[in-house]
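So the structure is just underneath, and the comments pick up after that.
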Amino acid sequence: MPPQRSTVRVRVYPLGDAAVLAVLGTRLDPALNTRAIALAAALKKRRDVRQTVAGHASVTVQFDPDQVTHEALAAAIRRLATKRPPLEEPGRLHRIPVVYDGPDLEAVAGQLRLTPQQVVEIHSRPIYRAFLVGFVPGWAYLGPLPDELVLPRRPVPRTQVPAGSVAIAGHQTGIYPLNSPGGWHLIGRTTVKLFLPDSDPPSLFRAGDRVKFFAARE
Amino acid sequence: MTEVFRVAAPGLFTTIQDLGRPQAIASGVTPGGAMDRFAHSAANLVVGNDPSAATLECTLIGPRLVALRPCLIAITGADLEARLNGAPAATWTGFSMSAGDELTFGHRRGGARAYVAVAGGVIGDRWLGSMSTNVMAGRGGMNGRRLMSGDVVFAAEPFYLADAGSHLAANLRPQYADHAVHAIDGPHAKRLTTESRSALFSSSFSLSPNSNRMGYRLDGARLEAPGEELLSFGLIAGVLQLPSGGQPILLMADHQTAGGYPVIATVAGASMPLAAQLAPGDEVRFVETSIEAALEMRAAQRAALDSII
């Protein structure tokens, strides 16, 4: 039997003169994300690579242009991407208590033709995957969100979202680690701290971790 | 470690910066570091430091610093009218200060950010492997914040004392009056409409008032790059992203670590020092560049730094 080859086609785009963006796909898919994380880790081991970060289904690679050309690195990325990723250990499981009283809960339920209680039940049912830690310190894109809860972002983002807000948008959910602007729908809040500036790493979540929400009282 | 300066006046926004904490992006923490790596590195090299040593990054209005002991320092980057005891101070050149000497700044005459290096290197709080100030997290540098009056700036003891007068040759110093920034097509450049593509490379943009170390919002032609929503991916400084409103944002040193807006261009590494010297209200033009040309510019810049002895 020939060695199994994956069908993932990777596109490699220049990101300036010392970085590339390698795109593995365009779907929110845990398997693609697993591949992206494995590819980022494999590339990080190269001497000519300075930094890698896995996206939802991509890897951003900063490299030393004195040691390797865009073309040679792109070829290496394509080669590595065809390898089957190592079997992923299940990520650490975080159980997050949520008080589901967000300012958008009623409106979200109305738009989805559900009761607020149904929104809470559906949101707290799955074990989500942390696809990507980034954007702001401690933020993790969690998903996939069940289809019943999918809504576009708010048309006008809020200028101030309180830290700890639990939010949904598209096929994703997340927790705002810091007071910041935000365009997601706020359905609840948690007291769990996500950004831990005096820990190393300073983020509670890491890419590949698993997150389960449960309804809690104040 | 010894005290080198007392901060008599902090200036507008003076922070301790080194080359940042690139590995922290895995936790969503911005890499940070000096905005203008060329001027920062030159200041360090002129006083005999490693380019990775920390300096003071002084934004638009410089601080008033009183030397607490004899030291060798250098000022590079923006021309903020540096003065030593009232007389014009040398720039891009190492010079000595005696205890009690005063370094002041006047008006901004070119550029936006000046760098003050001290032989031995400025010492600040180290956080996640870097002394760079991260104001959002309140960590690194001077207690995680900009300098304030009454602060005392510390420096390491130099391994050896370079001679005063070491400098970057005048013809190698950057010209900040020319606001042409070289840029390479981004991963989503093909999404740009024909009109938007030509507007990007033929018109000029101005930095909106809410431009800062995180990024520059650019006022000018509204650009269009329609297409499917993108999954979020890792970002780097120099990326020109285009939110749906059509106003491009150039990401700078304290950029967000991930995002999903189309990246229509990426500024050449060698043009980032010039971009770092832009201030709100300044006009900027993007010049389309190949990767090969960008790498040549990068090599020329490094040769300039290597010429400092």
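Order determines the names: the first chain of the structure tokens is A, the second B, and so forth; residues in each chain are numbered 1 upward, and ligands are numbered 1 upward as they are shown.
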TODO: Tell me, as a PyMOL selection string, which residues lie within 12 Å of Gly186 (chain B), counting only C-alpha atoms; anything in the same chain fewer than 3 positions away does not count.
DONE: (chain A and resi 12-17+19-21) or (chain B and resi 183+189-192+197+225+235-236+238-242+261-268+288-291)
Task: Contact set, chain B to chain A: 9 Å, only C-alpha atoms, as a ChimeraX atom specification - done: /B:22-30,127-128,137-139,183-188,230-236,238-239,255-259,263,265-269,290-292,294-295,298
Print the selection's residues with C-alpha atoms to a file, as a PDB file, in the first residue's frame.
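Below you can see again00.pdb, which holds the result:
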```
ATOM      1  CA  PRO B  22       8.053  38.028  19.357  1.00  0.00           C
ATOM      2  CA  GLN B  23       7.463  34.646  21.037  1.00  0.00           C
ATOM      3  CA  ALA B  24       4.609  36.103  23.117  1.00  0.00           C
ATOM      4  CA  ILE B  25       2.285  36.241  20.087  1.00  0.00           C
ATOM      5  CA  ALA B  26       1.302  32.621  20.885  1.00  0.00           C
ATOM      6  CA  SER B  27      -0.550  34.056  23.912  1.00  0.00           C
ATOM      7  CA  GLY B  28      -2.034  36.932  22.001  1.00  0.00           C
ATOM      8  CA  VAL B  29       0.463  39.405  23.467  1.00  0.00           C
ATOM      9  CA  THR B  30       1.727  41.944  20.968  1.00  0.00           C
ATOM     10  CA  TRP B 127       8.363  40.738  31.054  1.00  0.00           C
ATOM     11  CA  LEU B 128       8.055  37.666  28.844  1.00  0.00           C
ATOM     12  CA  ALA B 137      -0.839  44.890  30.114  1.00  0.00           C
ATOM     13  CA  GLY B 138       0.953  47.376  32.371  1.00  0.00           C
ATOM     14  CA  ARG B 139       4.119  45.297  32.200  1.00  0.00           C
ATOM     15  CA  ALA B 183       5.193  47.849  -0.108  1.00  0.00           C
ATOM     16  CA  ILE B 184       4.764  44.357  -1.543  1.00  0.00           C
ATOM     17  CA  ASP B 185       1.462  42.864  -2.716  1.00  0.00           C
ATOM     18  CA  GLY B 186      -0.337  41.210   0.186  1.00  0.00           C
ATOM     19  CA  PRO B 187      -1.986  37.760   0.256  1.00  0.00           C
ATOM     20  CA  HIS B 188      -5.350  39.316  -0.629  1.00  0.00           C
ATOM     21  CA  LEU B 230     -11.674  35.269   6.072  1.00  0.00           C
ATOM     22  CA  LEU B 231     -10.750  33.012   8.950  1.00  0.00           C
ATOM     23  CA  SER B 232      -8.399  34.775  11.367  1.00  0.00           C
ATOM     24  CA  PHE B 233      -4.679  34.388  10.788  1.00  0.00           C
ATOM     25  CA  GLY B 234      -1.473  35.569  12.467  1.00  0.00           C
ATOM     26  CA  LEU B 235      -0.425  39.152  11.728  1.00  0.00           C
ATOM     27  CA  ILE B 236       2.911  40.926  11.650  1.00  0.00           C
ATOM     28  CA  GLY B 238       3.909  46.177   8.368  1.00  0.00           C
ATOM     29  CA  VAL B 239       0.710  44.512   7.243  1.00  0.00           C
ATOM     30  CA  HIS B 255      -0.246  45.377  16.624  1.00  0.00           C
ATOM     31  CA  GLN B 256      -2.974  42.866  17.442  1.00  0.00           C
ATOM     32  CA  THR B 257      -1.592  39.370  16.916  1.00  0.00           C
ATOM     33  CA  ALA B 258      -4.376  37.953  14.746  1.00  0.00           C
ATOM     34  CA  GLY B 259      -7.200  39.196  12.579  1.00  0.00           C
ATOM     35  CA  VAL B 263      -4.149  42.077   3.798  1.00  0.00           C
ATOM     36  CA  ALA B 265      -0.050  44.919   0.981  1.00  0.00           C
ATOM     37  CA  THR B 266       2.865  44.488   3.358  1.00  0.00           C
ATOM     38  CA  VAL B 267       5.419  47.230   3.911  1.00  0.00           C
ATOM     39  CA  ALA B 268       8.992  46.184   3.090  1.00  0.00           C
ATOM     40  CA  GLY B 269      11.028  45.551   6.235  1.00  0.00           C
ATOM     41  CA  SER B 290       9.274  43.538  -5.524  1.00  0.00           C
ATOM     42  CA  ILE B 291      10.597  41.167  -2.893  1.00  0.00           C
ATOM     43  CA  GLU B 292      14.029  41.320  -4.550  1.00  0.00           C
ATOM     44  CA  ALA B 294      12.985  44.970  -0.703  1.00  0.00           C
ATOM     45  CA  LEU B 295      15.762  42.521   0.161  1.00  0.00           C
ATOM     46  CA  ARG B 298      17.286  45.487   3.727  1.00  0.00           C
TER      47      ARG B 298
END
```
Task: Atomic separation - CA of Ala34 (chain B) relative to CA of Lys45 (chain A), Å - done: 26.5 Å
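Taking CA of Ser132 (chain B) and CA of Ala54 (chain B) as the two end points, the separation is 7.5 Å.
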Task: Residues near Pro181 (chain A), cut-off 9 Å, only C-alpha atoms, skip fewer than 4 positions along chain, as a ChimeraX atom specification - done: /A:157-162
Take the residues from that selection and write them out as a tab-separated table (two decimals), in the first residue's frame, keeping N, CA and C atoms.
```
chain	number	residue	atom	x	y	z
A	157	PRO	N	-20.19	47.81	16.26
A	157	PRO	CA	-19.52	47.27	17.44
A	157	PRO	C	-19.70	48.20	18.65
A	158	ARG	N	-19.70	47.59	19.84
A	158	ARG	CA	-19.68	48.40	21.06
A	158	ARG	C	-18.30	48.99	21.24
A	159	THR	N	-18.26	50.21	21.76
A	159	THR	CA	-16.94	50.81	22.00
A	159	THR	C	-16.32	50.23	23.27
A	160	GLN	N	-17.14	49.70	24.17
A	160	GLN	CA	-16.59	49.16	25.41
A	160	GLN	C	-17.35	47.88	25.78
A	161	VAL	N	-16.63	46.78	25.82
A	161	VAL	CA	-17.19	45.51	26.28
A	161	VAL	C	-16.44	45.15	27.56
A	162	PRO	N	-17.18	44.84	28.65
A	162	PRO	CA	-16.47	44.55	29.90
A	162	PRO	C	-15.69	43.23	29.85
```
Open item on the list: Run DSSP on the backbone and tell me which residues of region 57-214 of chain A come out as strand (DSSP E or B); list them as a VMD selection string.
Closed with: chain A and resid 58 to 63 93 to 99 128 to 133 140 to 143 158 to 161 165 to 169 172 to 175 180 to 182 185 to 189 195 203 210 to 214
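Distances here use only C-alpha atoms; by that measure, the residue among A:His185, A:Arg129, A:Arg113, A:Lys193 closest to Val156 (chain A) is A:His185.
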